[in-house]
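J.: Mind looking over this structure? Questions follow.
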Number of protein chains: 2
Amino acid sequence: MDAAERLLITEGHAAISTRRVAEEAGLNHGLVHYYFGSMDELLVQVLERFTQRLIERQREMYGLEVPFIEKWRAAMSYLEADEASGYQKLWFELQALSWNRPELQARVARVNAEWRAVVTDAFTGAVQSYGLDTNAFPVPAIVSLVMTFNQGLILEGLSGVREGRDDLLNAIDRWLVSLEGGPA
Amino acid sequence: MDAAERLLITEGHAAISTRRVAEEAGLNHGLVHYYFGSMDELLVQVLERFTQRLIERQREMYGLEVPFIEKWRAAMSYLEADEASGYQKLWFELQALSWNRPELQARVARVNAEWRAVVTDAFTGAVQSYGLDTNAFPVPAIVSLVMTFNQGLILEGLSGVREGRDDLLNAIDRWLVSLEGGPA
DNA sequence: TTGGGATTTAGTCATATGTCTAATACAAGT
DNA sequence: ACTTGTATTAGACATATGACTAAATCCCAA
């Protein structure tokens with residue numbers, strides 16, 4: 001599974017085969033069948049394991065009792081660290097895989113839902129402590145905006161697009177700092 | 001190329017082969033080599049053609065001299081129409097393909113840049129006519145936010161995630177309507 | 001009507017792939 | 001030392017694939 005993850009990161013799901021994975025792992029290709037039954041099942045379990053890890057990480061982040069702006073900055077710093085580590089590539093390759101495998105979609109949706117739950121909690125707290133007006137922009141709308149813009153940033157990153165990225169992140173950070181002043 | 005696009009939409013780039021494309025097109029598989037030289041070149045040309053079409057469409061949208069909110073609503077209605085037509089699936093499959101083919105990345109980046117140019121023009125106009133304060137949130141930041149959130153929405157759509165989508169789109173629409181009242 | 005280039009076909013070739021099996025190596029406990 | 005179940009290997013098998021070719025067919029302009 002580690003070898004499969006490495007290959008997903010470096011070559012993508014289209015390039016994965018039993019023999020390729022075995023070579024990467026330094027093992028015999030028959031073992032894929034012995035341990036997983038099929039190539040597909042290996043990929044399913046990679047997604048499964050990824051899901052569990054991500055959920056764990058998010059539970060941790062959620063548990064911290066720190067000011068909202070710290071959570072935000074932590075999340076934004078993940079954005080860079082995860083790009084460097086290949087974590088995002090792995091996640092997006094698994095998503096791309098699921099586009100054509102209905103049986104995997106539910107699991108991808110679950111990761112999304114877990115993530116959404118964390119973001120929702122964080123922003124529910126932020127909206128209260130900042131005293132923001134949620135009539136015009138209710139929390140679910142904010143959460144959706146944050147989730148989607150985040151995924152869009154990752155996607156652009158995978159294509160090497162950096163334009164406007166810092167402008168946006170800086171603007172948001174400035175705005176959050178200005179909110180720290182008091183209710184608005 | 002039409003057949004290849006259909007297969008990208010229905011089965012993804014990993015499932016494409018000369019014989020599969022030929023079967024879909026009702027032609028002999030040798031023709032892929034005859035006309036394109038290789039399977040890779042076919043996909044490159046599909047991306048090429050997609051790029052040209054998208055640029056054309058955006059030039060059209062950009063040409064219209066209508067109030068900003070109309071442009072916005074047109075763009076948002078594309079979001080649904082393109083989902084139904086498979087256009088987004090095609091575009092994202094091509095992007096996923098480019099993640100592992102450096103020679104395609106420049107072209108994907110170009111599509112992104114063209115799109116960004118259109119959005120930038122539209123929002124430069126909007127910011128002026130609405131009299132928005134661009135100190136806190138400069139146009140490049142707004143553009144980046146709009147681009148990324150849009151792509152994130154598409155991505156979620158491909159995974160069947162709908163949560164928060166309407167909340168967000170409605171909130172934005174309401175906000176734009178409120179801006180129509182006058183400078184704020 | 002016909003000549004010749006463009007198109008299309010059927011098929012070859014080497015290689016790659018997923019699945020599966022028989023045989024062997026190994027480690028742990030008795 | 002011996003047994004037993006797990007781990008690992010080498011390899012078989014049918015099928016799929018990309019690349020390529022020789023031959024057939026088509027179509028149009030002369």
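Following the order of the structure tokens, first chain is A, next is B, and so on, with residues numbered from 1 inside each chain and ligands from 1 in the order they appear.
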For chain A, report every residue with an atom at most 9 Å from chain B (counting only C-alpha atoms), formatted as a tab-separated table (two decimals) with all heavy atoms, in the first residue's frame.

T.:
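Contents of selection_5.tsv, as written:
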```
chain	number	residue	atom	x	y	z
A	10	THR	N	3.72	9.74	-7.84
A	10	THR	CA	4.71	10.03	-8.88
A	10	THR	C	4.22	9.77	-10.30
A	10	THR	O	4.67	10.42	-11.23
A	10	THR	CB	5.99	9.19	-8.67
A	10	THR	OG1	5.63	7.80	-8.63
A	10	THR	CG2	6.66	9.55	-7.36
A	11	GLU	N	3.28	8.82	-10.46
A	11	GLU	CA	2.90	8.47	-11.82
A	11	GLU	C	1.39	8.47	-12.09
A	11	GLU	O	0.98	8.34	-13.24
A	11	GLU	CB	3.48	7.10	-12.19
A	11	GLU	CG	4.98	7.03	-11.90
A	11	GLU	CD	5.59	5.70	-12.36
A	11	GLU	OE1	5.00	5.05	-13.21
A	11	GLU	OE2	6.67	5.35	-11.83
A	12	GLY	N	0.59	8.54	-11.04
A	12	GLY	CA	-0.84	8.57	-11.26
A	12	GLY	C	-1.48	7.20	-11.33
A	12	GLY	O	-0.80	6.21	-11.56
A	13	HIS	N	-2.80	7.16	-11.13
A	13	HIS	CA	-3.47	5.86	-11.03
A	13	HIS	C	-3.49	5.10	-12.35
A	13	HIS	O	-3.60	3.88	-12.37
A	13	HIS	CB	-4.89	6.03	-10.50
A	13	HIS	CG	-5.82	6.71	-11.46
A	13	HIS	ND1	-6.05	8.07	-11.45
A	13	HIS	CD2	-6.58	6.23	-12.46
A	13	HIS	CE1	-6.90	8.38	-12.39
A	13	HIS	NE2	-7.26	7.29	-13.02
A	14	ALA	N	-3.37	5.81	-13.46
A	14	ALA	CA	-3.42	5.14	-14.75
A	14	ALA	C	-2.19	4.27	-14.99
A	14	ALA	O	-2.24	3.32	-15.76
A	14	ALA	CB	-3.58	6.16	-15.87
A	15	ALA	N	-1.10	4.58	-14.32
A	15	ALA	CA	0.15	3.88	-14.57
A	15	ALA	C	0.36	2.71	-13.61
A	15	ALA	O	1.39	2.05	-13.67
A	15	ALA	CB	1.32	4.86	-14.46
A	89	LYS	N	-1.49	15.35	-4.12
A	89	LYS	CA	-1.49	14.57	-5.37
A	89	LYS	C	-2.17	13.23	-5.13
A	89	LYS	O	-3.01	12.79	-5.91
A	89	LYS	CB	-0.07	14.38	-5.87
A	89	LYS	CG	0.04	13.50	-7.11
A	89	LYS	CD	-0.37	14.23	-8.36
A	89	LYS	CE	-0.53	13.30	-9.57
A	89	LYS	NZ	0.62	12.45	-9.84
A	92	PHE	N	-5.94	13.69	-4.76
A	92	PHE	CA	-6.62	14.00	-6.02
A	92	PHE	C	-6.56	12.83	-7.00
A	92	PHE	O	-7.49	12.64	-7.79
A	92	PHE	CB	-6.04	15.30	-6.62
A	92	PHE	CG	-6.75	16.52	-6.11
A	92	PHE	CD1	-6.81	16.79	-4.75
A	92	PHE	CD2	-7.39	17.40	-6.98
A	92	PHE	CE1	-7.47	17.91	-4.26
A	92	PHE	CE2	-8.07	18.52	-6.50
A	92	PHE	CZ	-8.10	18.77	-5.15
A	93	GLU	N	-5.50	12.06	-6.96
A	93	GLU	CA	-5.47	10.86	-7.81
A	93	GLU	C	-6.58	9.90	-7.37
A	93	GLU	O	-7.25	9.28	-8.20
A	93	GLU	CB	-4.11	10.17	-7.73
A	93	GLU	CG	-3.03	10.79	-8.60
A	93	GLU	CD	-3.26	10.59	-10.10
A	93	GLU	OE1	-4.04	9.71	-10.48
A	93	GLU	OE2	-2.66	11.34	-10.89
A	95	GLN	N	-9.33	10.74	-5.93
A	95	GLN	CA	-10.60	11.32	-6.36
A	95	GLN	C	-10.83	11.06	-7.85
A	95	GLN	O	-11.92	10.64	-8.26
A	95	GLN	CB	-10.61	12.82	-6.09
A	95	GLN	CG	-10.88	13.18	-4.66
A	95	GLN	CD	-11.20	14.65	-4.50
A	95	GLN	OE1	-12.24	15.13	-4.92
A	95	GLN	NE2	-10.30	15.39	-3.88
A	96	ALA	N	-9.80	11.31	-8.65
A	96	ALA	CA	-9.93	11.09	-10.09
A	96	ALA	C	-10.28	9.64	-10.38
A	96	ALA	O	-11.08	9.33	-11.27
A	96	ALA	CB	-8.64	11.48	-10.81
A	97	LEU	N	-9.69	8.75	-9.60
A	97	LEU	CA	-10.02	7.33	-9.74
A	97	LEU	C	-11.50	7.10	-9.47
A	97	LEU	O	-12.18	6.36	-10.19
A	97	LEU	CB	-9.16	6.53	-8.75
A	97	LEU	CG	-9.28	5.01	-8.77
A	97	LEU	CD1	-8.81	4.45	-10.10
A	97	LEU	CD2	-8.50	4.40	-7.63
A	98	SER	N	-12.00	7.77	-8.45
A	98	SER	CA	-13.40	7.54	-8.05
A	98	SER	C	-14.40	8.09	-9.07
A	98	SER	O	-15.54	7.66	-9.11
A	98	SER	CB	-13.67	8.17	-6.69
A	98	SER	OG	-13.95	9.54	-6.82
A	99	TRP	N	-13.95	9.04	-9.88
A	99	TRP	CA	-14.88	9.58	-10.89
A	99	TRP	C	-15.42	8.46	-11.78
A	99	TRP	O	-16.52	8.56	-12.31
A	99	TRP	CB	-14.18	10.61	-11.79
A	99	TRP	CG	-13.69	11.83	-11.07
A	99	TRP	CD1	-14.10	12.29	-9.86
A	99	TRP	CD2	-12.67	12.74	-11.52
A	99	TRP	NE1	-13.39	13.42	-9.52
A	99	TRP	CE2	-12.52	13.72	-10.53
A	99	TRP	CE3	-11.88	12.82	-12.68
A	99	TRP	CZ2	-11.61	14.77	-10.64
A	99	TRP	CZ3	-10.98	13.85	-12.80
A	99	TRP	CH2	-10.84	14.83	-11.79
A	100	ASN	N	-14.61	7.43	-11.98
A	100	ASN	CA	-15.01	6.36	-12.89
A	100	ASN	C	-15.27	5.04	-12.17
A	100	ASN	O	-15.35	4.00	-12.80
A	100	ASN	CB	-13.92	6.17	-13.96
A	100	ASN	CG	-13.67	7.46	-14.73
A	100	ASN	OD1	-14.54	7.95	-15.44
A	100	ASN	ND2	-12.49	8.02	-14.55
A	101	ARG	N	-15.34	5.09	-10.84
A	101	ARG	CA	-15.65	3.89	-10.06
A	101	ARG	C	-16.71	4.22	-9.02
A	101	ARG	O	-16.38	4.64	-7.91
A	101	ARG	CB	-14.42	3.39	-9.33
A	101	ARG	CG	-13.20	3.36	-10.22
A	101	ARG	CD	-12.72	1.97	-10.46
A	101	ARG	NE	-11.48	2.01	-11.20
A	101	ARG	CZ	-10.56	1.08	-11.18
A	101	ARG	NH1	-10.76	0.02	-10.42
A	101	ARG	NH2	-9.47	1.17	-11.89
A	105	GLN	N	-17.07	6.35	-4.90
A	105	GLN	CA	-17.58	7.70	-4.72
A	105	GLN	C	-18.09	7.96	-3.31
A	105	GLN	O	-17.87	9.02	-2.74
A	105	GLN	CB	-18.70	7.98	-5.72
A	105	GLN	CG	-18.17	8.41	-7.06
A	105	GLN	CD	-19.13	9.33	-7.79
A	105	GLN	OE1	-20.10	9.82	-7.20
A	105	GLN	NE2	-18.87	9.57	-9.05
A	106	ALA	N	-18.77	6.97	-2.75
A	106	ALA	CA	-19.33	7.15	-1.41
A	106	ALA	C	-18.22	7.46	-0.42
A	106	ALA	O	-18.38	8.28	0.49
A	106	ALA	CB	-20.10	5.91	-0.99
A	108	VAL	N	-15.22	8.83	-1.05
A	108	VAL	CA	-14.73	10.18	-1.29
A	108	VAL	C	-15.69	11.19	-0.69
A	108	VAL	O	-15.27	12.16	-0.04
A	108	VAL	CB	-14.55	10.44	-2.80
A	108	VAL	CG1	-14.32	11.92	-3.07
A	108	VAL	CG2	-13.39	9.62	-3.35
A	109	ALA	N	-16.96	10.94	-0.88
A	109	ALA	CA	-17.98	11.84	-0.32
A	109	ALA	C	-17.88	11.88	1.20
A	109	ALA	O	-18.10	12.92	1.82
A	109	ALA	CB	-19.37	11.41	-0.76
A	112	ASN	N	-15.10	14.10	2.23
A	112	ASN	CA	-15.58	15.48	2.07
A	112	ASN	C	-16.46	15.88	3.24
A	112	ASN	O	-16.33	16.97	3.80
A	112	ASN	CB	-16.33	15.59	0.74
A	112	ASN	CG	-16.68	17.02	0.41
A	112	ASN	OD1	-17.58	17.60	1.02
A	112	ASN	ND2	-15.98	17.62	-0.54
A	113	ALA	N	-17.36	14.98	3.63
A	113	ALA	CA	-18.30	15.30	4.70
A	113	ALA	C	-17.57	15.49	6.04
A	113	ALA	O	-17.90	16.40	6.81
A	113	ALA	CB	-19.34	14.18	4.84
A	136	ALA	N	-27.05	37.35	5.89
A	136	ALA	CA	-26.67	37.45	4.49
A	136	ALA	C	-25.86	36.22	4.07
A	136	ALA	O	-26.11	35.63	3.01
A	136	ALA	CB	-25.86	38.71	4.25
A	137	PHE	N	-24.92	35.83	4.91
A	137	PHE	CA	-24.04	34.72	4.57
A	137	PHE	C	-24.06	33.68	5.68
A	137	PHE	O	-23.20	33.68	6.55
A	137	PHE	CB	-22.61	35.24	4.35
A	137	PHE	CG	-22.12	34.99	2.97
A	137	PHE	CD1	-22.44	35.86	1.93
A	137	PHE	CD2	-21.34	33.88	2.68
A	137	PHE	CE1	-21.99	35.63	0.64
A	137	PHE	CE2	-20.89	33.64	1.40
A	137	PHE	CZ	-21.21	34.51	0.37
A	138	PRO	N	-25.00	32.76	5.63
A	138	PRO	CA	-25.11	31.73	6.67
A	138	PRO	C	-23.88	30.82	6.68
A	138	PRO	O	-23.17	30.70	5.68
A	138	PRO	CB	-26.36	30.95	6.28
A	138	PRO	CG	-26.71	31.36	4.91
A	138	PRO	CD	-26.02	32.63	4.59
A	139	VAL	N	-23.67	30.16	7.80
A	139	VAL	CA	-22.49	29.31	7.97
A	139	VAL	C	-22.34	28.27	6.86
A	139	VAL	O	-21.24	28.09	6.33
A	139	VAL	CB	-22.50	28.64	9.37
A	139	VAL	CG1	-21.43	27.56	9.45
A	139	VAL	CG2	-22.28	29.69	10.45
A	140	PRO	N	-23.41	27.56	6.47
A	140	PRO	CA	-23.23	26.55	5.41
A	140	PRO	C	-22.66	27.15	4.12
A	140	PRO	O	-21.88	26.50	3.41
A	140	PRO	CB	-24.64	26.02	5.18
A	140	PRO	CG	-25.35	26.27	6.45
A	140	PRO	CD	-24.79	27.55	7.00
A	141	ALA	N	-23.05	28.40	3.84
A	141	ALA	CA	-22.53	29.06	2.64
A	141	ALA	C	-21.05	29.37	2.80
A	141	ALA	O	-20.24	29.13	1.89
A	141	ALA	CB	-23.32	30.34	2.36
A	142	ILE	N	-20.68	29.88	3.97
A	142	ILE	CA	-19.26	30.17	4.24
A	142	ILE	C	-18.44	28.89	4.13
A	142	ILE	O	-17.39	28.85	3.49
A	142	ILE	CB	-19.08	30.77	5.65
A	142	ILE	CG1	-19.86	32.08	5.77
A	142	ILE	CG2	-17.60	30.99	5.95
A	142	ILE	CD1	-19.82	32.68	7.17
A	143	VAL	N	-18.94	27.84	4.76
A	143	VAL	CA	-18.22	26.56	4.75
A	143	VAL	C	-18.02	26.07	3.32
A	143	VAL	O	-16.92	25.65	2.93
A	143	VAL	CB	-18.98	25.51	5.58
A	143	VAL	CG1	-18.41	24.12	5.35
A	143	VAL	CG2	-18.95	25.87	7.05
A	144	SER	N	-19.08	26.16	2.53
A	144	SER	CA	-18.99	25.70	1.15
A	144	SER	C	-17.95	26.54	0.39
A	144	SER	O	-17.16	26.01	-0.40
A	144	SER	CB	-20.35	25.81	0.47
A	144	SER	OG	-20.54	24.74	-0.41
A	145	LEU	N	-17.96	27.83	0.65
A	145	LEU	CA	-16.99	28.70	-0.01
A	145	LEU	C	-15.56	28.32	0.36
A	145	LEU	O	-14.69	28.19	-0.50
A	145	LEU	CB	-17.27	30.17	0.36
A	145	LEU	CG	-16.35	31.20	-0.29
A	145	LEU	CD1	-16.45	31.15	-1.80
A	145	LEU	CD2	-16.65	32.61	0.22
A	146	VAL	N	-15.35	28.10	1.64
A	146	VAL	CA	-14.00	27.76	2.12
A	146	VAL	C	-13.55	26.41	1.57
A	146	VAL	O	-12.43	26.25	1.08
A	146	VAL	CB	-13.96	27.75	3.66
A	146	VAL	CG1	-12.65	27.18	4.16
A	146	VAL	CG2	-14.15	29.16	4.20
A	147	MET	N	-14.44	25.44	1.64
A	147	MET	CA	-14.11	24.10	1.14
A	147	MET	C	-13.76	24.14	-0.35
A	147	MET	O	-12.76	23.57	-0.78
A	147	MET	CB	-15.31	23.16	1.32
A	147	MET	CG	-15.75	22.93	2.72
A	147	MET	SD	-14.96	21.49	3.42
A	147	MET	CE	-15.40	20.24	2.22
A	148	THR	N	-14.61	24.80	-1.11
A	148	THR	CA	-14.41	24.78	-2.56
A	148	THR	C	-13.19	25.59	-2.98
A	148	THR	O	-12.42	25.16	-3.83
A	148	THR	CB	-15.66	25.29	-3.29
A	148	THR	OG1	-16.02	26.57	-2.77
A	148	THR	CG2	-16.81	24.32	-3.13
A	149	PHE	N	-13.00	26.73	-2.36
A	149	PHE	CA	-11.84	27.55	-2.75
A	149	PHE	C	-10.56	26.82	-2.39
A	149	PHE	O	-9.57	26.86	-3.12
A	149	PHE	CB	-11.94	28.95	-2.11
A	149	PHE	CG	-10.88	29.29	-1.12
A	149	PHE	CD1	-9.63	29.76	-1.53
A	149	PHE	CD2	-11.12	29.16	0.23
A	149	PHE	CE1	-8.64	30.08	-0.61
A	149	PHE	CE2	-10.14	29.47	1.15
A	149	PHE	CZ	-8.90	29.93	0.73
A	150	ASN	N	-10.60	26.11	-1.29
A	150	ASN	CA	-9.44	25.33	-0.87
A	150	ASN	C	-9.12	24.24	-1.90
A	150	ASN	O	-7.98	24.07	-2.34
A	150	ASN	CB	-9.75	24.68	0.49
A	150	ASN	CG	-8.49	24.24	1.20
A	150	ASN	OD1	-7.40	24.22	0.62
A	150	ASN	ND2	-8.63	23.88	2.46
A	151	GLN	N	-10.13	23.51	-2.31
A	151	GLN	CA	-9.92	22.46	-3.31
A	151	GLN	C	-9.49	23.04	-4.65
A	151	GLN	O	-8.68	22.44	-5.36
A	151	GLN	CB	-11.18	21.61	-3.45
A	151	GLN	CG	-11.44	20.80	-2.20
A	151	GLN	CD	-12.73	20.00	-2.28
A	151	GLN	OE1	-12.71	18.81	-2.49
A	151	GLN	NE2	-13.85	20.67	-2.12
A	152	GLY	N	-10.05	24.19	-4.97
A	152	GLY	CA	-9.64	24.84	-6.21
A	152	GLY	C	-8.18	25.23	-6.16
A	152	GLY	O	-7.45	25.07	-7.14
A	153	LEU	N	-7.74	25.72	-5.02
A	153	LEU	CA	-6.33	26.09	-4.86
A	153	LEU	C	-5.43	24.88	-5.07
A	153	LEU	O	-4.40	24.94	-5.74
A	153	LEU	CB	-6.08	26.68	-3.47
A	153	LEU	CG	-6.25	28.19	-3.30
A	153	LEU	CD1	-5.79	28.61	-1.92
A	153	LEU	CD2	-5.49	28.97	-4.37
A	154	ILE	N	-5.83	23.76	-4.46
A	154	ILE	CA	-5.04	22.54	-4.61
A	154	ILE	C	-4.98	22.12	-6.07
A	154	ILE	O	-3.91	21.80	-6.60
A	154	ILE	CB	-5.65	21.40	-3.76
A	154	ILE	CG1	-5.57	21.75	-2.27
A	154	ILE	CG2	-4.95	20.09	-4.05
A	154	ILE	CD1	-6.29	20.77	-1.36
A	155	LEU	N	-6.13	22.16	-6.71
A	155	LEU	CA	-6.20	21.77	-8.12
A	155	LEU	C	-5.28	22.64	-8.97
A	155	LEU	O	-4.51	22.15	-9.80
A	155	LEU	CB	-7.64	21.88	-8.61
A	155	LEU	CG	-7.91	21.36	-10.01
A	155	LEU	CD1	-7.70	19.85	-10.05
A	155	LEU	CD2	-9.31	21.72	-10.45
A	156	GLU	N	-5.34	23.95	-8.75
A	156	GLU	CA	-4.46	24.85	-9.50
A	156	GLU	C	-3.01	24.52	-9.20
A	156	GLU	O	-2.16	24.53	-10.10
A	156	GLU	CB	-4.76	26.32	-9.13
A	156	GLU	CG	-6.05	26.84	-9.75
A	156	GLU	CD	-6.22	28.34	-9.55
A	156	GLU	OE1	-5.45	28.93	-8.76
A	156	GLU	OE2	-7.12	28.93	-10.18
A	158	LEU	N	-1.72	21.65	-8.54
A	158	LEU	CA	-1.32	20.45	-9.28
A	158	LEU	C	-1.02	20.76	-10.74
A	158	LEU	O	-0.28	20.04	-11.40
A	158	LEU	CB	-2.42	19.39	-9.19
A	158	LEU	CG	-2.61	18.72	-7.83
A	158	LEU	CD1	-3.74	17.72	-7.88
A	158	LEU	CD2	-1.33	18.04	-7.38
A	159	SER	N	-1.62	21.83	-11.25
A	159	SER	CA	-1.36	22.22	-12.64
A	159	SER	C	-0.28	23.29	-12.71
A	159	SER	O	-0.02	23.86	-13.76
A	159	SER	CB	-2.64	22.72	-13.31
A	159	SER	OG	-3.58	21.67	-13.39
A	160	GLY	N	0.33	23.58	-11.57
A	160	GLY	CA	1.41	24.56	-11.57
A	160	GLY	C	0.96	26.00	-11.62
A	160	GLY	O	1.77	26.90	-11.84
A	161	VAL	N	-0.34	26.24	-11.42
A	161	VAL	CA	-0.85	27.61	-11.46
A	161	VAL	C	-0.70	28.25	-10.08
A	161	VAL	O	-1.17	27.71	-9.09
A	161	VAL	CB	-2.33	27.64	-11.89
A	161	VAL	CG1	-2.89	29.04	-11.80
A	161	VAL	CG2	-2.46	27.09	-13.30
A	163	GLU	N	-0.88	31.90	-9.87
A	163	GLU	CA	-1.34	33.27	-10.02
A	163	GLU	C	-2.46	33.61	-9.03
A	163	GLU	O	-3.43	32.86	-8.89
A	163	GLU	CB	-1.85	33.48	-11.45
A	163	GLU	CG	-1.25	34.67	-12.15
A	163	GLU	CD	-1.84	34.81	-13.54
A	163	GLU	OE1	-1.93	33.78	-14.23
A	163	GLU	OE2	-2.20	35.95	-13.91
A	164	GLY	N	-2.32	34.75	-8.37
A	164	GLY	CA	-3.39	35.24	-7.51
A	164	GLY	C	-3.47	34.57	-6.17
A	164	GLY	O	-4.18	35.04	-5.27
A	165	ARG	N	-2.75	33.48	-6.03
A	165	ARG	CA	-2.83	32.68	-4.81
A	165	ARG	C	-2.44	33.49	-3.56
A	165	ARG	O	-3.20	33.56	-2.59
A	165	ARG	CB	-1.90	31.49	-4.97
A	165	ARG	CG	-1.91	30.50	-3.85
A	165	ARG	CD	-0.74	29.54	-4.07
A	165	ARG	NE	-0.59	28.64	-2.96
A	165	ARG	CZ	-0.89	27.34	-2.99
A	165	ARG	NH1	-1.35	26.81	-4.09
A	165	ARG	NH2	-0.73	26.58	-1.94
A	166	ASP	N	-1.28	34.11	-3.62
A	166	ASP	CA	-0.83	34.89	-2.46
A	166	ASP	C	-1.72	36.10	-2.24
A	166	ASP	O	-2.02	36.46	-1.10
A	166	ASP	CB	0.63	35.31	-2.64
A	166	ASP	CG	1.57	34.13	-2.51
A	166	ASP	OD1	1.15	33.11	-1.92
A	166	ASP	OD2	2.72	34.21	-2.98
A	167	ASP	N	-2.13	36.75	-3.33
A	167	ASP	CA	-3.06	37.88	-3.21
A	167	ASP	C	-4.26	37.47	-2.37
A	167	ASP	O	-4.66	38.17	-1.43
A	167	ASP	CB	-3.55	38.32	-4.60
A	167	ASP	CG	-2.42	38.91	-5.43
A	167	ASP	OD1	-1.76	39.84	-4.93
A	167	ASP	OD2	-2.21	38.43	-6.56
A	168	LEU	N	-4.82	36.32	-2.72
A	168	LEU	CA	-6.02	35.87	-2.04
A	168	LEU	C	-5.74	35.52	-0.57
A	168	LEU	O	-6.44	36.01	0.34
A	168	LEU	CB	-6.59	34.65	-2.77
A	168	LEU	CG	-7.81	33.98	-2.13
A	168	LEU	CD1	-8.92	35.00	-1.90
A	168	LEU	CD2	-8.31	32.84	-3.01
A	169	LEU	N	-4.73	34.71	-0.34
A	169	LEU	CA	-4.44	34.29	1.03
A	169	LEU	C	-4.09	35.49	1.91
A	169	LEU	O	-4.52	35.56	3.08
A	169	LEU	CB	-3.30	33.26	1.04
A	169	LEU	CG	-3.67	31.92	0.39
A	169	LEU	CD1	-2.51	30.94	0.45
A	169	LEU	CD2	-4.91	31.31	1.06
A	170	ASN	N	-3.32	36.43	1.37
A	170	ASN	CA	-2.99	37.63	2.14
A	170	ASN	C	-4.23	38.46	2.46
A	170	ASN	O	-4.38	38.96	3.57
A	170	ASN	CB	-1.96	38.48	1.39
A	170	ASN	CG	-0.60	37.82	1.36
A	170	ASN	OD1	-0.30	36.99	2.20
A	170	ASN	ND2	0.21	38.19	0.37
A	171	ALA	N	-5.09	38.62	1.47
A	171	ALA	CA	-6.30	39.41	1.68
A	171	ALA	C	-7.16	38.81	2.79
A	171	ALA	O	-7.66	39.53	3.67
A	171	ALA	CB	-7.10	39.50	0.37
A	172	ILE	N	-7.31	37.49	2.74
A	172	ILE	CA	-8.12	36.83	3.77
A	172	ILE	C	-7.49	37.01	5.14
A	172	ILE	O	-8.17	37.32	6.13
A	172	ILE	CB	-8.28	35.32	3.45
A	172	ILE	CG1	-9.09	35.14	2.17
A	172	ILE	CG2	-8.96	34.60	4.62
A	172	ILE	CD1	-9.20	33.70	1.71
A	174	ARG	N	-5.47	39.39	6.18
A	174	ARG	CA	-5.66	40.78	6.62
A	174	ARG	C	-7.07	40.98	7.16
A	174	ARG	O	-7.28	41.62	8.18
A	174	ARG	CB	-5.43	41.75	5.46
A	174	ARG	CG	-3.98	42.03	5.13
A	174	ARG	CD	-3.86	43.30	4.30
A	174	ARG	NE	-4.70	43.30	3.11
A	174	ARG	CZ	-4.33	42.79	1.93
A	174	ARG	NH1	-3.13	42.25	1.79
A	174	ARG	NH2	-5.14	42.83	0.89
A	175	TRP	N	-8.03	40.42	6.45
A	175	TRP	CA	-9.42	40.57	6.85
A	175	TRP	C	-9.65	39.94	8.22
A	175	TRP	O	-10.28	40.56	9.11
A	175	TRP	CB	-10.32	39.93	5.79
A	175	TRP	CG	-11.77	40.02	6.09
A	175	TRP	CD1	-12.51	41.17	6.25
A	175	TRP	CD2	-12.68	38.92	6.29
A	175	TRP	NE1	-13.82	40.86	6.51
A	175	TRP	CE2	-13.96	39.49	6.55
A	175	TRP	CE3	-12.55	37.54	6.26
A	175	TRP	CZ2	-15.09	38.70	6.79
A	175	TRP	CZ3	-13.67	36.76	6.47
A	175	TRP	CH2	-14.92	37.34	6.74
```

J.: Would you mind listing, for every residue of chain A within 10 Å of chain D, the two atoms forming the shortest contact and the distance between them in Å to one decimal, using only C-alpha atoms (C1' of nucleotides), sorted by chain and ascending residue number, as CSV?

T.:
```
residue,atom,partner,partner_atom,distance
A:Leu27,CA,D:DT8,C1',8.6
A:Asn28,CA,D:DT9,C1',7.1
A:His29,CA,D:DT9,C1',9.6
A:Gly30,CA,D:DT9,C1',8.5
A:Leu31,CA,D:DT8,C1',7.8
A:Tyr34,CA,D:DA7,C1',9.6
```

J.: Any idea which chain C residues end up within 10 Å of chain B if we count only C-alpha atoms (C1' of nucleotides), as a list in words please?

T.: DT7, DT8, DT9 and DA10 of chain C

J.: Taking 4 positions as the minimum chain separation for residues in the same chain, which residues sit within 12 Å of Ala4 of chain A when counting only C-alpha atoms (C1' of nucleotides)? Answer as a ChimeraX atom specification.

T.: /A:8-26,32,39-47,49-50,90,93-94

J.: Return the single residue from A:Thr134, A:Thr120, A:Ser129, A:Gln88 that is closest to Tyr62 of chain A, with distances computed using only C-alpha atoms.

T.: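 For Tyr62 of chain A, the nearest of the given residues is A:Thr120.
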
J.: Please, what distance in Å, to one decimal, runs between atom C1' of DG18 of chain C and atom CA of Trp91 of chain A?

T.: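 Going from atom C1' of DG18 of chain C over to atom CA of Trp91 of chain A covers 24.9 Å.
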
J.: When you draw a straight line from atom CA of Val177 of chain A to atom CA of Ile69 of chain A, how long is it in Å?

T.: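 If I compute the distance from atom CA of Val177 of chain A to atom CA of Ile69 of chain A, I get 7.6 Å.
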